[in-house]
Every structure is written in structure tokens, then in C-alpha cells.
Amino acid sequence: MDQPPHLQPRPQRHPESEPDSEPKSESEREPECLPRPEPLPLEGLVVVAVEQAVAAPFATRQLADLGARVIKVERIDGGDFARGYDTAAGGLASHFVWCNRGKESIALDLKDPRGLDVVRRLIAGADVFVQNLAQGAAARLGLDAATLCAAHPRLVAVDVSGYGAGGPYADKRAYDMLVQCEAGLVSVTGTPGQPVKAGIPAADIAAGMYAFSGVLAALVRRGTTGRGGPVEVSMLESLAEWMGHPLHHTMHGGVPPRRTGLAHAVIAPYDAYPTADGGRVLLSVQNDREWRRLAEQVLGRPELGTDPTYATNAARVAHRLDTDALVAEALGALGADEAVARLEGAGIACARLRDLTEVAEHPQLAARGRWREVGTPVGPLRALLPPITLPGGTGAQMGDVPALGEHTEAVLRAVGMTDEEIAVLRRDGVTA
């Protein structure tokens with residue numbers, strides 16, 4: 001889409017293509033045959049988002065990381081309510097820092113026609129529009145995907161909702177934990193006596209990732225047909241898809257998988273076991289050959305490899321308590337590092353059970369250089385590179401986390417408003 005001047009993307013800085021202030025000496029010049037990095041795949045695209053909480057902001061953050069310009073429209077009275085979830089990230093909300101880097105924030109009252117007019121101007125020059133307002137709110141404002149795509153055929157417009165636009169649940173409030181319950185995730189997570197929610201907002205993340213991939217698919221279609229079109233994603237349908245294994249196990253096998261804590265419901269041994277130094281090591285035996293190696297090289301009991309009580313996975317699951325006791329006894333005599341070394345030497349898949357402090361210092365993430373710093377209103381904060389790596393291309397665009405309304409004035413000027421008009425909007429509380 002050819003953006004009008006006010007929505008053309010911010011220029012990207014590519015040091016390798018910018019002239020130096022002084023010419024380099026012959027020895028300092030890079031060989032001309034070296035290929036230049038490919039630009040980020042979404043560079044040049046403009047995204048407008050009326051978004052809040054996690055699902056839609058997580059989707060648009062992926063777009064920003066890949067080079068898109070994302071203009072985030074927030075409420076004037078506090079902005080995206082995820083800004084107020086906590087103050088754990090140096091005084092900022094951890095959810096907001098995670099989901100909103102690399103965006104421009106503009107604060108508008110969309111109930112005022114003047115505020116809504118600004119959004120319409122932005123959409124007219126955008127490639128993508130994303131919203132996850134309460135059910136029906138976007139349609140009342142004329143910001144639903146169907147309406148916008150009818151007016152702007154090249155636009156990709158995304159409606160993210162809790163339960164979808166139709167059906168008996170369409171108007172129900174949909175927060176992550178509620179959808180985890182409705183989708184059955186809670187029913188298969190936890191211990192035999194206690195179901196628990198997932199420790200991350202799984203429904204929000206699922207919907208966000210399907211919104212992200214839906215945008216990419218629609219952009220590919222636009223590249224071949226010239227038309228964008230609506231994209232619909234619901235949290236329930238996204239998480240229900242992720243429930244594929246236990247759902248098919250139940251529908252076709254007649255029995256839902258049991259909740260088994262950290263243990264696997266149908267494989268043994270597959271659990272975490274305490275070590276002598278207070279750690280915990282999880283191991284997974286996937287077949288009977290691996291069990292025989294475990295018995296010989298780790299348990300020190302080679303006869304267990306062919307003992308009918310343990311020789312097959314079905315037998316080990318039937319005698320899970322005895323199987324786990326044997327493994328726990330062996331690992332309980334070892335430190336965590338020694339246990340991992342012994343298991344890996346035997347070709348047994350294993351992992352340390354790490355807390356989040358340990359994850360933040362994970363040797364694999366450090367060795368692969370996955371950490372960066374991003375700017376925020378309270379100073380630089382550590383953040384992980386996005387998991388999509390494009391070798392040979394420009395690195396991910398990990399921009400700053402915006403303050404509420406930080407870019408309002410610049411965006412209003414860019415859509416053609418004068419200082420006097422902006423002052424009136426501020427005076428009237430239409431913008432902040």
C-alpha cells in the first residue's frame with residue numbers, strides 16, 4: 001500500500017550502508033564482495049493497533065520486531081490497562097514491557113468523534129489494523145475488520161476476541177484464566193487432586209501468535225491478489241487447537257489423560273527427581289532401549305532392563321511408583337551436575353528444573369547472544385531477542401517501550417493537524 005507522507009515508515013538506520021564521516025583507509029575497507037544484510041521482512045509496513053492486555057499487543061510486537069511501524073492507540077485515562085498490572089519491571093508493568101517494545105503510543109478518546117477521526121486517518125494509510133476491544137465495541141465505532149476492509153480493500157484488518165463474533169459465548173468476558181478453563185487446559189494441568197492454571201497466559205499467547213501468523217498469511221495473499229481482507233482470531237479457538245493431543249486422546253480413546261504433576265501421563269519414567277544437593281533433574285525415557293541403558297549405566301541395576309515388571313513402557317507405567325522410586329534412589333545419591341552428566345553419558349534426555357532467576361542466566365541463551373537491552377521510560381531493561389532468527393538479514397528491530405502518549409503530538413502533526421488544533425484536542429481531553 002502506498003502510504004501518504006504522514007504514515008511513511010520511520011527511516012531505518014543501516015550502519016553498513018551509511019557514508020562515513022571520513023574515508024576509510026585501504027586496510028579498513030570491507031571487501032566489496034561481502035553481501036549486505038537483507039532488510040527486515042516487514043520494513044515499510046504500517047500497523048495501527050487499538051489494543052490492550054496481552055493477546056493483540058503480543059501479536060503486534062512480533063510485527064514490530066520484524067520491522068513494521070506499529071502505532072498503538074491507547075485510552076487517555078491510563079492507556080492500555082496492562083500498564084497497571086504491576087510495577088515489577090523497574091516500576092513498569094512486566095506484561096507491558098514484554099508486549100509493547102518498538103511501538104509508538106498515541107493517546108486518544110475514541111468516544112469523541114475527533115479522536116475517532118484521527119484513527120480513521122491513520123487506518124487510511126496503514127497496511128494492517130489490529131483490535132481486541134470488548135465484543136461489539138469495534139463494530140459500534142466502525143473499526144471492525146469487515147467494515148474497514150470494505151472501505152480499504154488492501155487493508156489487512158484483524159479482530160481478536162475471546163470467543164468469536166457469534167455463538168452463545170460471543171458476549172462473555174474472556175480473560176486468560178477463564179479461557180484456560182473453558183478450553184480444558186486447566187483440566188489436564190496439575191496433580192491428581194488439584195487442577196491448576198498454566199503459569200503463563202497461554203490463551204492470550206495462543207491468540208496472539210495466530211493473529212500474527214494470520215497477518216503474515218493475509219499479507220502474502222495481498223501480494224498475489226492485491227486485496228488484504230479480514231482476519232478473525234479467538235482465544236478459545238486458539239487454545240482449543242493447542243489442546244490437540246489430550247483432546248484427541250479423549251475423543252477417540254474415550255478417557256482423558258490423567259493429571260500427573262510433572263510426570264508424563266503415559267510414559268515412565270518421565271518426571272523430575274531430587275538430587276543430593278537440593279536440585280531437581282527431569283529425565284525422559286522414550287523407549288525400552290533407553291530404559292535398558294538407564295538401568296545399566298545410571299541405576300547400576302542392569303537386570304532391571306529385562307525384568308518383566310519394568311522392561312516395557314506399559315509395565316513401567318503400571319508400576320509407576322516402583323519405577324520412580326528406583327530412579328529417585330539413584331539420582332538422590334548424586335549432585336545435579338553429576339546426575340545430568342551421568343544421564344547424558346547414557347544417552348538419556350534430561351534437563352535441570354530451573355527457576356526464572358536461573359533462566360535469566362541460562363548458559364545456552366548467553367552463549368547464543370540472545371539478550372539485548374531495550375529503552376523504556378525508566379531506563380534500559382534486558383529483553384530476549386525474538387525467537388524468529390533470519391540469518392544473513394538485519395537484526396530484529398527491538399525498539400523502545402513507549403510512555404503513554406509519547407508520540408501523540410508527532411503523529412497528530414503528521415496527519416496534518418496544526419499546533420492550535422492539537423492544543424484544542426488536549427484542552428478538551430480528546431488526547432493526552
# chains A, B, ... in the order shown; residues from 1 in each chain; ligands from 1
>>> select_by_dssp(residues="segment 21-138 of chain A", states="alpha helix (DSSP H)", output="VMD selection string")
chain A and resid 55 to 65 94 to 99 113 to 124 137 to 138
>>> write_last_selection(atoms="N, CA and C atoms", output="PDB file, in the first residue's frame")
ATOM      1  N   ALA A  55      -3.098 -10.335  24.288  1.00  0.00           N
ATOM      2  CA  ALA A  55      -3.218 -11.061  23.020  1.00  0.00           C
ATOM      3  C   ALA A  55      -2.855 -10.204  21.810  1.00  0.00           C
ATOM      4  N   ALA A  56      -3.547  -9.093  21.602  1.00  0.00           N
ATOM      5  CA  ALA A  56      -3.246  -8.244  20.449  1.00  0.00           C
ATOM      6  C   ALA A  56      -1.884  -7.560  20.580  1.00  0.00           C
ATOM      7  N   PRO A  57      -1.531  -6.998  21.754  1.00  0.00           N
ATOM      8  CA  PRO A  57      -0.190  -6.402  21.866  1.00  0.00           C
ATOM      9  C   PRO A  57       0.943  -7.387  21.602  1.00  0.00           C
ATOM     10  N   PHE A  58       0.773  -8.641  22.004  1.00  0.00           N
ATOM     11  CA  PHE A  58       1.815  -9.632  21.737  1.00  0.00           C
ATOM     12  C   PHE A  58       1.948  -9.873  20.242  1.00  0.00           C
ATOM     13  N   ALA A  59       0.813  -9.906  19.534  1.00  0.00           N
ATOM     14  CA  ALA A  59       0.843 -10.096  18.080  1.00  0.00           C
ATOM     15  C   ALA A  59       1.544  -8.932  17.391  1.00  0.00           C
ATOM     16  N   THR A  60       1.189  -7.709  17.758  1.00  0.00           N
ATOM     17  CA  THR A  60       1.770  -6.563  17.070  1.00  0.00           C
ATOM     18  C   THR A  60       3.229  -6.348  17.454  1.00  0.00           C
ATOM     19  N   ARG A  61       3.639  -6.814  18.627  1.00  0.00           N
ATOM     20  CA  ARG A  61       5.056  -6.726  18.965  1.00  0.00           C
ATOM     21  C   ARG A  61       5.891  -7.590  18.039  1.00  0.00           C
ATOM     22  N   GLN A  62       5.355  -8.749  17.649  1.00  0.00           N
ATOM     23  CA  GLN A  62       6.075  -9.584  16.682  1.00  0.00           C
ATOM     24  C   GLN A  62       6.262  -8.835  15.363  1.00  0.00           C
ATOM     25  N   LEU A  63       5.225  -8.101  14.953  1.00  0.00           N
ATOM     26  CA  LEU A  63       5.302  -7.334  13.712  1.00  0.00           C
ATOM     27  C   LEU A  63       6.340  -6.225  13.835  1.00  0.00           C
ATOM     28  N   ALA A  64       6.373  -5.565  14.998  1.00  0.00           N
ATOM     29  CA  ALA A  64       7.355  -4.502  15.215  1.00  0.00           C
ATOM     30  C   ALA A  64       8.773  -5.054  15.192  1.00  0.00           C
ATOM     31  N   ASP A  65       8.982  -6.199  15.846  1.00  0.00           N
ATOM     32  CA  ASP A  65      10.315  -6.805  15.865  1.00  0.00           C
ATOM     33  C   ASP A  65      10.806  -7.123  14.458  1.00  0.00           C
ATOM     34  N   SER A  94       5.388  -5.578  34.027  1.00  0.00           N
ATOM     35  CA  SER A  94       6.164  -6.576  33.291  1.00  0.00           C
ATOM     36  C   SER A  94       5.435  -7.032  32.025  1.00  0.00           C
ATOM     37  N   HIS A  95       4.109  -7.208  32.085  1.00  0.00           N
ATOM     38  CA  HIS A  95       3.369  -7.586  30.881  1.00  0.00           C
ATOM     39  C   HIS A  95       3.545  -6.526  29.800  1.00  0.00           C
ATOM     40  N   PHE A  96       3.453  -5.260  30.179  1.00  0.00           N
ATOM     41  CA  PHE A  96       3.506  -4.192  29.186  1.00  0.00           C
ATOM     42  C   PHE A  96       4.883  -4.107  28.548  1.00  0.00           C
ATOM     43  N   VAL A  97       5.923  -4.198  29.355  1.00  0.00           N
ATOM     44  CA  VAL A  97       7.285  -4.158  28.827  1.00  0.00           C
ATOM     45  C   VAL A  97       7.508  -5.297  27.841  1.00  0.00           C
ATOM     46  N   TRP A  98       7.002  -6.469  28.189  1.00  0.00           N
ATOM     47  CA  TRP A  98       7.169  -7.664  27.350  1.00  0.00           C
ATOM     48  C   TRP A  98       6.486  -7.506  25.990  1.00  0.00           C
ATOM     49  N   CYS A  99       5.293  -6.929  25.968  1.00  0.00           N
ATOM     50  CA  CYS A  99       4.456  -6.969  24.764  1.00  0.00           C
ATOM     51  C   CYS A  99       4.460  -5.693  23.932  1.00  0.00           C
ATOM     52  N   PRO A 113     -15.800  12.100  18.488  1.00  0.00           N
ATOM     53  CA  PRO A 113     -15.642  11.953  17.032  1.00  0.00           C
ATOM     54  C   PRO A 113     -14.301  12.447  16.515  1.00  0.00           C
ATOM     55  N   ARG A 114     -13.719  13.436  17.188  1.00  0.00           N
ATOM     56  CA  ARG A 114     -12.431  13.947  16.729  1.00  0.00           C
ATOM     57  C   ARG A 114     -11.316  12.927  16.963  1.00  0.00           C
ATOM     58  N   GLY A 115     -11.385  12.226  18.075  1.00  0.00           N
ATOM     59  CA  GLY A 115     -10.405  11.176  18.326  1.00  0.00           C
ATOM     60  C   GLY A 115     -10.558  10.032  17.344  1.00  0.00           C
ATOM     61  N   LEU A 116     -11.799   9.647  17.088  1.00  0.00           N
ATOM     62  CA  LEU A 116     -12.060   8.572  16.137  1.00  0.00           C
ATOM     63  C   LEU A 116     -11.620   8.971  14.729  1.00  0.00           C
ATOM     64  N   ASP A 117     -11.764  10.260  14.394  1.00  0.00           N
ATOM     65  CA  ASP A 117     -11.340  10.729  13.071  1.00  0.00           C
ATOM     66  C   ASP A 117      -9.834  10.569  12.893  1.00  0.00           C
ATOM     67  N   VAL A 118      -9.064  10.798  13.962  1.00  0.00           N
ATOM     68  CA  VAL A 118      -7.615  10.608  13.865  1.00  0.00           C
ATOM     69  C   VAL A 118      -7.297   9.152  13.532  1.00  0.00           C
ATOM     70  N   VAL A 119      -7.977   8.220  14.207  1.00  0.00           N
ATOM     71  CA  VAL A 119      -7.739   6.802  13.941  1.00  0.00           C
ATOM     72  C   VAL A 119      -8.109   6.458  12.506  1.00  0.00           C
ATOM     73  N   ARG A 120      -9.198   7.004  12.025  1.00  0.00           N
ATOM     74  CA  ARG A 120      -9.597   6.719  10.641  1.00  0.00           C
ATOM     75  C   ARG A 120      -8.548   7.234   9.654  1.00  0.00           C
ATOM     76  N   ARG A 121      -7.980   8.386   9.942  1.00  0.00           N
ATOM     77  CA  ARG A 121      -6.929   8.913   9.062  1.00  0.00           C
ATOM     78  C   ARG A 121      -5.712   7.984   9.063  1.00  0.00           C
ATOM     79  N   LEU A 122      -5.372   7.489  10.242  1.00  0.00           N
ATOM     80  CA  LEU A 122      -4.230   6.576  10.326  1.00  0.00           C
ATOM     81  C   LEU A 122      -4.501   5.289   9.552  1.00  0.00           C
ATOM     82  N   ILE A 123      -5.699   4.753   9.723  1.00  0.00           N
ATOM     83  CA  ILE A 123      -6.046   3.499   9.045  1.00  0.00           C
ATOM     84  C   ILE A 123      -6.022   3.673   7.531  1.00  0.00           C
ATOM     85  N   ALA A 124      -6.418   4.849   7.057  1.00  0.00           N
ATOM     86  CA  ALA A 124      -6.466   5.077   5.610  1.00  0.00           C
ATOM     87  C   ALA A 124      -5.098   4.915   4.961  1.00  0.00           C
ATOM     88  N   ALA A 137     -17.648  -3.538  20.622  1.00  0.00           N
ATOM     89  CA  ALA A 137     -17.189  -2.146  20.726  1.00  0.00           C
ATOM     90  C   ALA A 137     -16.604  -1.663  19.406  1.00  0.00           C
ATOM     91  N   ALA A 138     -15.795  -2.495  18.748  1.00  0.00           N
ATOM     92  CA  ALA A 138     -15.186  -2.074  17.487  1.00  0.00           C
ATOM     93  C   ALA A 138     -16.250  -1.823  16.419  1.00  0.00           C
TER      94      ALA A 138
END
>>> select_by_dssp(residues="segment 197-291 of chain A", states="strand (DSSP E)", output="ChimeraX atom specification")
/A:229-234,270-274,280-284
>>> residues_around(residues="segment 359-367 of chain A", least_positions_apart="3", cutoff="12 Å", atoms="only C-alpha atoms", output="ChimeraX atom specification")
/A:352-356,370-372,382-387
>>> atom_distance(atom1="atom CA of Ile267 of chain A", atom2="atom CA of Ala325 of chain A")
15.2 Å
